[in-house]
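Chemist: I'm passing along input-v4.txt; it holds compact mmCIF, C-alpha atoms and all ligand atoms.
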```txt
# COMPACT_ATOMS: atom_id res chain seq x y z
CA MET A 96 -115.09 115.75 121.58
CA PRO A 97 -113.30 113.03 119.58
CA SER A 98 -110.98 110.65 121.42
CA VAL A 99 -107.24 110.91 120.74
CA ALA A 100 -107.47 107.88 118.42
CA GLU A 101 -110.41 109.40 116.50
CA HIS A 102 -108.62 112.74 116.20
CA TYR A 103 -105.53 111.04 114.76
CA GLU A 104 -107.67 109.08 112.31
CA ARG A 105 -109.59 112.20 111.20
CA VAL A 106 -106.77 114.72 110.92
CA LEU A 107 -103.29 113.92 112.12
CA SER A 108 -102.30 110.40 111.00
CA PRO A 109 -102.60 111.09 107.24
CA VAL A 110 -100.37 114.18 107.51
CA TYR A 111 -98.18 113.30 110.50
CA SER A 112 -94.92 112.64 108.64
CA TRP A 113 -95.48 115.82 106.55
CA MET A 114 -96.18 117.76 109.77
CA VAL A 115 -92.78 116.84 111.21
CA GLY A 116 -90.88 117.77 108.06
CA GLY A 117 -91.04 114.55 106.01
CA VAL A 118 -90.01 110.98 106.76
CA GLU A 119 -86.31 111.20 105.92
CA ALA A 120 -85.73 114.42 107.89
CA ALA A 121 -87.71 113.04 110.85
CA LEU A 122 -85.78 109.74 110.89
CA ALA A 123 -82.49 111.68 110.74
CA ALA A 124 -83.66 113.86 113.64
CA GLY A 125 -84.75 110.76 115.61
CA LYS A 126 -81.38 109.11 114.98
CA ALA A 127 -79.50 112.23 116.10
CA GLU A 128 -81.63 112.45 119.25
CA ILE A 129 -81.00 108.80 120.15
CA GLU A 130 -77.27 109.05 119.48
CA GLY A 131 -77.14 112.22 121.58
CA LEU A 132 -78.56 110.31 124.54
CA ALA A 133 -75.55 107.95 124.43
CA LEU A 134 -77.46 105.14 126.16
CA ASP A 135 -75.77 101.78 126.42
CA LEU A 136 -77.96 99.72 124.05
CA PRO A 137 -76.17 96.48 123.14
CA ALA A 138 -77.06 94.72 119.87
CA GLY A 139 -80.30 92.81 120.38
CA ALA A 140 -81.41 94.93 123.35
CA LEU A 141 -85.19 94.90 123.84
CA VAL A 142 -86.59 98.43 123.53
CA ALA A 143 -90.22 99.57 123.73
CA ASP A 144 -91.38 102.70 121.90
CA LEU A 145 -94.72 103.87 123.31
CA GLY A 146 -96.80 106.00 120.95
CA ALA A 147 -94.27 105.17 118.25
CA GLY A 148 -96.12 106.91 115.41
CA PHE A 149 -94.51 106.16 112.03
CA GLY A 150 -91.25 105.26 113.79
CA MET A 151 -89.27 108.45 114.18
CA HIS A 152 -87.41 106.78 117.07
CA ALA A 153 -88.33 103.11 116.58
CA ILE A 154 -86.70 102.93 113.13
CA PRO A 155 -83.32 104.45 114.13
CA LEU A 156 -83.32 102.27 117.27
CA ALA A 157 -83.88 99.15 115.16
CA ARG A 158 -81.26 100.27 112.63
CA ALA A 159 -78.84 100.55 115.56
CA GLY A 160 -79.50 96.87 116.36
CA ALA A 161 -82.26 96.97 118.97
CA ARG A 162 -85.29 94.65 118.95
CA VAL A 163 -88.09 97.18 119.06
CA VAL A 164 -91.68 96.73 120.23
CA ALA A 165 -93.56 99.71 118.79
CA VAL A 166 -96.97 100.39 120.38
CA ASP A 167 -99.47 102.86 118.95
CA SER A 168 -103.23 103.23 118.60
CA SER A 169 -103.13 104.48 114.99
CA THR A 170 -103.51 101.79 112.32
CA GLN A 171 -102.36 104.21 109.65
CA LEU A 172 -99.16 105.28 111.44
CA LEU A 173 -98.33 101.68 112.35
CA GLY A 174 -98.78 100.74 108.66
CA GLU A 175 -96.28 103.45 107.73
CA LEU A 176 -93.92 102.18 110.45
CA SER A 177 -94.19 98.57 109.19
CA ARG A 178 -93.27 99.66 105.65
CA LEU A 179 -90.26 101.64 106.92
CA ALA A 180 -89.22 98.74 109.17
CA ALA A 181 -88.93 96.18 106.34
CA GLY A 182 -85.93 93.96 107.16
CA LEU A 183 -85.59 95.34 110.71
CA THR A 184 -86.49 93.72 114.02
CA VAL A 185 -89.58 95.75 114.86
CA THR A 186 -92.82 94.32 116.24
CA THR A 187 -95.75 96.66 115.74
CA VAL A 188 -98.58 96.50 118.25
CA GLN A 189 -101.89 98.31 117.94
CA ASP A 190 -102.97 98.89 121.51
CA ASP A 191 -103.29 101.48 124.24
CA LEU A 192 -99.77 102.28 125.35
CA LEU A 193 -100.89 101.87 128.98
CA SER A 194 -101.09 98.13 128.23
CA PHE A 195 -97.58 97.91 126.79
CA ARG A 196 -96.31 95.48 129.43
CA SER A 197 -98.53 92.69 128.15
CA HIS A 198 -96.58 92.82 124.86
CA LEU A 199 -93.11 92.35 126.40
CA GLN A 200 -91.97 88.78 127.01
CA GLU A 201 -88.83 89.82 128.92
CA LYS A 202 -87.42 92.84 130.76
CA ALA A 203 -86.59 95.76 128.49
CA THR A 204 -83.29 97.63 128.30
CA ALA A 205 -85.00 100.92 127.46
CA ILE A 206 -88.46 102.41 127.06
CA PHE A 207 -89.11 105.51 124.97
CA CYS A 208 -92.23 107.71 125.04
CA MET A 209 -91.32 110.57 122.75
CA GLY A 210 -92.66 113.48 120.77
CA ASP A 211 -95.37 114.69 123.18
CA THR A 212 -97.11 111.31 123.41
CA LEU A 213 -97.28 111.49 127.22
CA THR A 214 -99.66 114.49 127.18
CA HIS A 215 -102.13 112.42 125.12
CA LEU A 216 -102.99 110.25 128.15
CA PRO A 217 -106.50 110.97 129.45
CA GLU A 218 -105.70 111.55 133.13
CA HIS A 219 -102.74 112.74 135.19
CA THR A 220 -102.97 109.54 137.22
CA ASN A 221 -102.30 107.57 134.00
CA VAL A 222 -98.81 109.13 133.96
CA ASP A 223 -98.05 107.69 137.41
CA PHE A 224 -99.43 104.32 136.30
CA LEU A 225 -97.22 104.38 133.19
CA VAL A 226 -94.13 105.23 135.26
CA GLN A 227 -94.93 102.37 137.64
CA GLU A 228 -95.39 99.98 134.70
CA ALA A 229 -92.08 101.15 133.19
CA ALA A 230 -90.31 100.47 136.49
CA GLU A 231 -91.75 96.92 136.46
CA ALA A 232 -90.90 96.36 132.78
CA LEU A 233 -87.28 97.52 132.82
CA ALA A 234 -84.18 95.55 133.68
CA PRO A 235 -82.00 97.09 136.46
CA ASP A 236 -80.20 100.20 135.12
CA GLY A 237 -82.72 100.33 132.27
CA HIS A 238 -83.69 103.74 130.89
CA PHE A 239 -87.07 105.42 130.47
CA VAL A 240 -86.81 108.41 128.12
CA LEU A 241 -89.72 110.81 127.70
CA SER A 242 -90.21 114.00 125.75
CA PHE A 243 -93.30 116.16 125.88
CA ARG A 244 -94.54 119.73 125.69
CA ASP A 245 -95.03 121.73 128.85
CA TYR A 246 -98.48 123.32 128.49
CA THR A 247 -98.59 124.63 132.07
CA GLU A 248 -98.22 128.26 130.98
CA THR A 249 -101.59 129.68 129.88
CA LEU A 250 -100.90 131.43 126.60
CA GLN A 251 -103.11 134.47 126.00
CA ASP A 252 -104.72 136.11 122.96
CA VAL A 253 -102.93 135.58 119.65
CA ARG A 254 -100.23 133.39 121.27
CA ARG A 255 -102.88 130.64 121.42
CA PHE A 256 -102.76 130.34 117.59
CA ILE A 257 -99.89 128.05 116.62
CA PRO A 258 -98.85 127.74 112.96
CA VAL A 259 -97.64 124.12 112.82
CA ARG A 260 -96.59 123.84 109.19
CA GLY A 261 -97.57 125.25 105.83
CA ASP A 262 -96.54 124.81 102.24
CA GLU A 263 -98.18 125.31 98.84
CA ARG A 264 -100.46 122.25 99.33
CA ARG A 265 -101.28 122.27 103.04
CA ILE A 266 -101.56 124.51 106.08
CA LEU A 267 -101.92 123.14 109.62
CA MET A 268 -102.72 125.56 112.45
CA CYS A 269 -103.82 124.84 115.96
CA PHE A 270 -105.70 126.93 118.47
CA LEU A 271 -105.34 126.20 122.19
CA GLU A 272 -108.09 126.55 124.81
CA TYR A 273 -106.94 126.13 128.38
CA GLU A 274 -108.78 124.18 131.07
CA GLU A 275 -107.55 123.61 134.61
CA ASP A 276 -105.63 120.35 134.06
CA THR A 277 -105.96 119.98 130.31
CA VAL A 278 -105.72 121.99 127.11
CA VAL A 279 -108.08 121.58 124.17
CA VAL A 280 -106.10 121.47 120.94
CA ASN A 281 -108.20 122.54 117.96
CA ASP A 282 -106.42 121.50 114.76
CA VAL A 283 -107.37 123.27 111.53
CA LEU A 284 -106.03 121.61 108.39
CA HIS A 285 -106.38 123.27 104.97
CA GLU A 286 -105.52 121.10 101.96
CA ARG A 287 -105.35 122.25 98.35
CA ARG A 288 -107.76 120.39 96.03
CA GLY A 289 -107.38 121.71 92.49
CA ASP A 290 -107.98 125.45 92.66
CA ALA A 291 -109.75 125.41 96.07
CA TRP A 292 -108.96 124.58 99.71
CA ASP A 293 -110.58 121.79 101.75
CA THR A 294 -110.79 122.49 105.48
CA ASN A 295 -110.82 119.82 108.17
CA VAL A 296 -111.26 120.80 111.82
CA SER A 297 -111.04 118.49 114.83
CA SER A 298 -110.24 118.89 118.52
CA TYR A 299 -108.78 116.75 121.28
CA ARG A 300 -107.54 117.16 124.84
CA LYS A 301 -103.98 117.04 126.11
CA LEU A 302 -102.68 117.05 129.67
CA ARG A 303 -101.04 120.14 131.12
CA LEU A 304 -98.10 118.27 132.55
CA SER A 305 -95.13 119.92 134.23
CA PRO A 306 -91.70 118.31 133.90
CA GLU A 307 -91.32 118.67 137.68
CA ARG A 308 -94.42 116.54 138.25
CA VAL A 309 -93.15 113.82 135.91
CA MET A 310 -89.71 113.95 137.58
CA GLY A 311 -91.40 113.53 140.99
CA SER A 312 -93.36 110.53 139.76
CA LEU A 313 -90.23 108.91 138.30
CA GLU A 314 -88.29 109.42 141.51
CA SER A 315 -91.09 107.97 143.63
CA PHE A 316 -91.04 104.77 141.54
CA GLY A 317 -87.28 104.23 141.89
CA PHE A 318 -85.81 106.14 138.96
CA GLU A 319 -83.07 108.72 139.06
CA ALA A 320 -83.94 111.31 136.47
CA ARG A 321 -82.53 114.36 134.74
CA GLN A 322 -84.41 116.98 132.77
CA GLU A 323 -82.99 118.68 129.69
CA PRO A 324 -84.16 120.56 126.61
CA GLY A 325 -85.58 118.16 124.02
CA ALA A 326 -86.19 118.44 120.28
CA ARG A 327 -88.66 121.00 118.85
CA GLY A 328 -89.06 122.93 122.10
CA MET A 329 -90.10 119.91 124.17
CA ALA A 330 -88.90 118.97 127.64
CA ARG A 331 -86.95 115.73 127.76
CA ILE A 332 -86.50 113.52 130.81
CA VAL A 333 -83.94 110.74 130.89
CA ALA A 334 -84.54 108.37 133.79
CA ARG A 335 -82.50 105.37 134.91
CA LEU A 336 -83.94 102.63 137.09
CA ARG A 337 -81.89 102.43 140.25
C1 LIG B 401 -97.40 113.24 118.98
S1 LIG B 401 -97.31 111.62 118.30
C2 LIG B 401 -95.63 111.14 118.61
C3 LIG B 401 -95.18 110.03 117.72
C4 LIG B 401 -93.69 109.62 117.86
N1 LIG B 401 -93.39 109.15 119.19
C5 LIG B 401 -92.79 110.75 117.44
O1 LIG B 401 -91.99 111.20 118.25
O2 LIG B 401 -92.90 111.17 116.28
C6 LIG B 401 -98.25 110.70 119.48
C7 LIG B 401 -98.47 109.27 119.08
O3 LIG B 401 -99.03 108.56 120.17
C8 LIG B 401 -100.13 107.79 119.73
N2 LIG B 401 -100.99 107.66 120.91
C9 LIG B 401 -101.60 108.65 121.61
N3 LIG B 401 -102.23 108.14 122.68
C10 LIG B 401 -102.02 106.80 122.65
C11 LIG B 401 -102.40 105.73 123.50
N4 LIG B 401 -103.13 105.94 124.62
N5 LIG B 401 -102.00 104.50 123.19
C12 LIG B 401 -101.27 104.26 122.07
N6 LIG B 401 -100.86 105.25 121.23
C13 LIG B 401 -101.23 106.50 121.53
C14 LIG B 401 -100.70 108.53 118.54
O4 LIG B 401 -101.41 107.66 117.68
C15 LIG B 401 -99.42 109.09 117.91
O5 LIG B 401 -98.86 108.20 116.99
```
Could the structure of this file be written out as structure tokens, please?
Ligand SMILES: C[S@@+](CC[C@H](N)C(=O)[O-])C[C@H]1O[C@@H](n2cnc3c(N)ncnc32)[C@H](O)[C@@H]1O
Modeler:
Amino acid sequence: MPSVAEHYERVLSPVYSWMVGGVEAALAAGKAEIEGLALDLPAGALVADLGAGFGMHAIPLARAGARVVAVDSSTQLLGELSRLAAGLTVTTVQDDLLSFRSHLQEKATAIFCMGDTLTHLPEHTNVDFLVQEAAEALAPDGHFVLSFRDYTETLQDVRRFIPVRGDERRILMCFLEYEEDTVVVNDVLHERRGDAWDTNVSSYRKLRLSPERVMGSLESFGFEARQEPGARGMARIVARLR
């Protein structure tokens, strides 16, 4: 099975901004989500965005005055982010997000890991490691904000087929296969080429992560955390370092 990075390169990175409704709509949604959090982010605050993608949150954060370190494994998405970030204080870093601390020269005011990035980690223990690293990387009272999908319910039969997005040029569907701790996501992308359709299929694994487990991990590493509904049906956890 392809790695997460290979899967993004093969299927998702080229269509990611389309998949989430287009760049402008996604940046507006990211801005609204950040404003809704009402975090105290003074001008010049250092913020890390882990698995930043094309910058759905990194760009609005930088436009609000933060210095953003955006970490992602996808060259293509980071290229898109760099173009969108022209004139803004955003440092793009191509690396595994688990190594994010080595790219911060000072304590951060906030760390974001949004849009279901957390479930892309290979092992459940990586989540605890990331929480521990976030606790080390944040200044006192700093915030760690996470949003991710809860795949703990085993969907049955036709509910395992998820239509992600479709228009006259493209259709993206995914089919879920459940394992004990993980779910295999099979993405099927149809793209119109002239009067025919090209089909591209690739699969990758995601963690079946319950919000309660992530809350427990955050609390054990010194955060106080609240859980709330996030964007696009995701769970969101807002944690503050005590
Ligand atoms: C579902 S997307 C979310 C992107 C963005 N945060 C958003 O809300 O639109 C997940 C992102 O995480 C990146 N990613 C997944 N695993 C990663 C890892 N271990 N290290 C760095 N980036 C990773 C992918 O390349 C992708 O851009």
Chemist: Region 152-168 of chain A: which residues within 7 Å, counting all atoms listed in the file, same-chain residues fewer than 2 positions away excluded, as a ChimeraX atom specification?
Modeler: /A:100,122,125-126,138-148,150,170,173,180,183-192,195
Chemist: Between A:Leu136, A:Ala121, A:Leu284, A:Met209, single out the one closest to Asp236 (chain A), counting only C-alpha atoms.
Modeler: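 Once distances to Asp236 (chain A) are computed over only C-alpha atoms, the minimum belongs to A:Leu136.
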Chemist: Give as number ranges by chain every residue, naming chains and numbers as the document does, that has an atom within 12 Å of (-98.1, 110.1, 106.8), counting all atoms listed in the file.
Modeler: A: 103-104, 106-119, 121, 148-151, 169-176, 178-179
Chemist: How many Å lie between CA of Thr277 (chain A) and CA of Tyr246 (chain A), rounded to one decimal?
Modeler: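 Distance reported for this atom pair: 8.4 Å.
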Chemist: Looking at all atoms listed in the file, which of A:His238, A:Arg308, A:Arg300, A:Arg287 is the one that sits closest to Ala334 (chain A)?
Modeler: A:His238
Chemist: Report the distance between CA of Met329 (chain A) and CA of Ala232 (chain A) in Å, rounded to one decimal place.
Modeler: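 It comes out at 25.1 Å.
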Chemist: My list of candidates is A:His215, A:Arg288, A:Lys202, A:Arg255. Which is closest to ligand LIG 401 (chain B) when distances are computed with only C-alpha atoms and all ligand atoms?
Modeler: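 The closest residue to ligand LIG 401 (chain B) is A:His215.
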Chemist: How many Å separate CA of Arg303 (chain A) from CA of Glu228 (chain A)?
Modeler: 21.2 Å
Chemist: With distances taken over only C-alpha atoms and all ligand atoms, which of A:Ala123, A:Ala181, A:Leu216, A:Ala291 is nearest to ligand LIG 401 (chain B)?
Modeler: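 Selected residue with least distance to ligand LIG 401 (chain B): A:Leu216.
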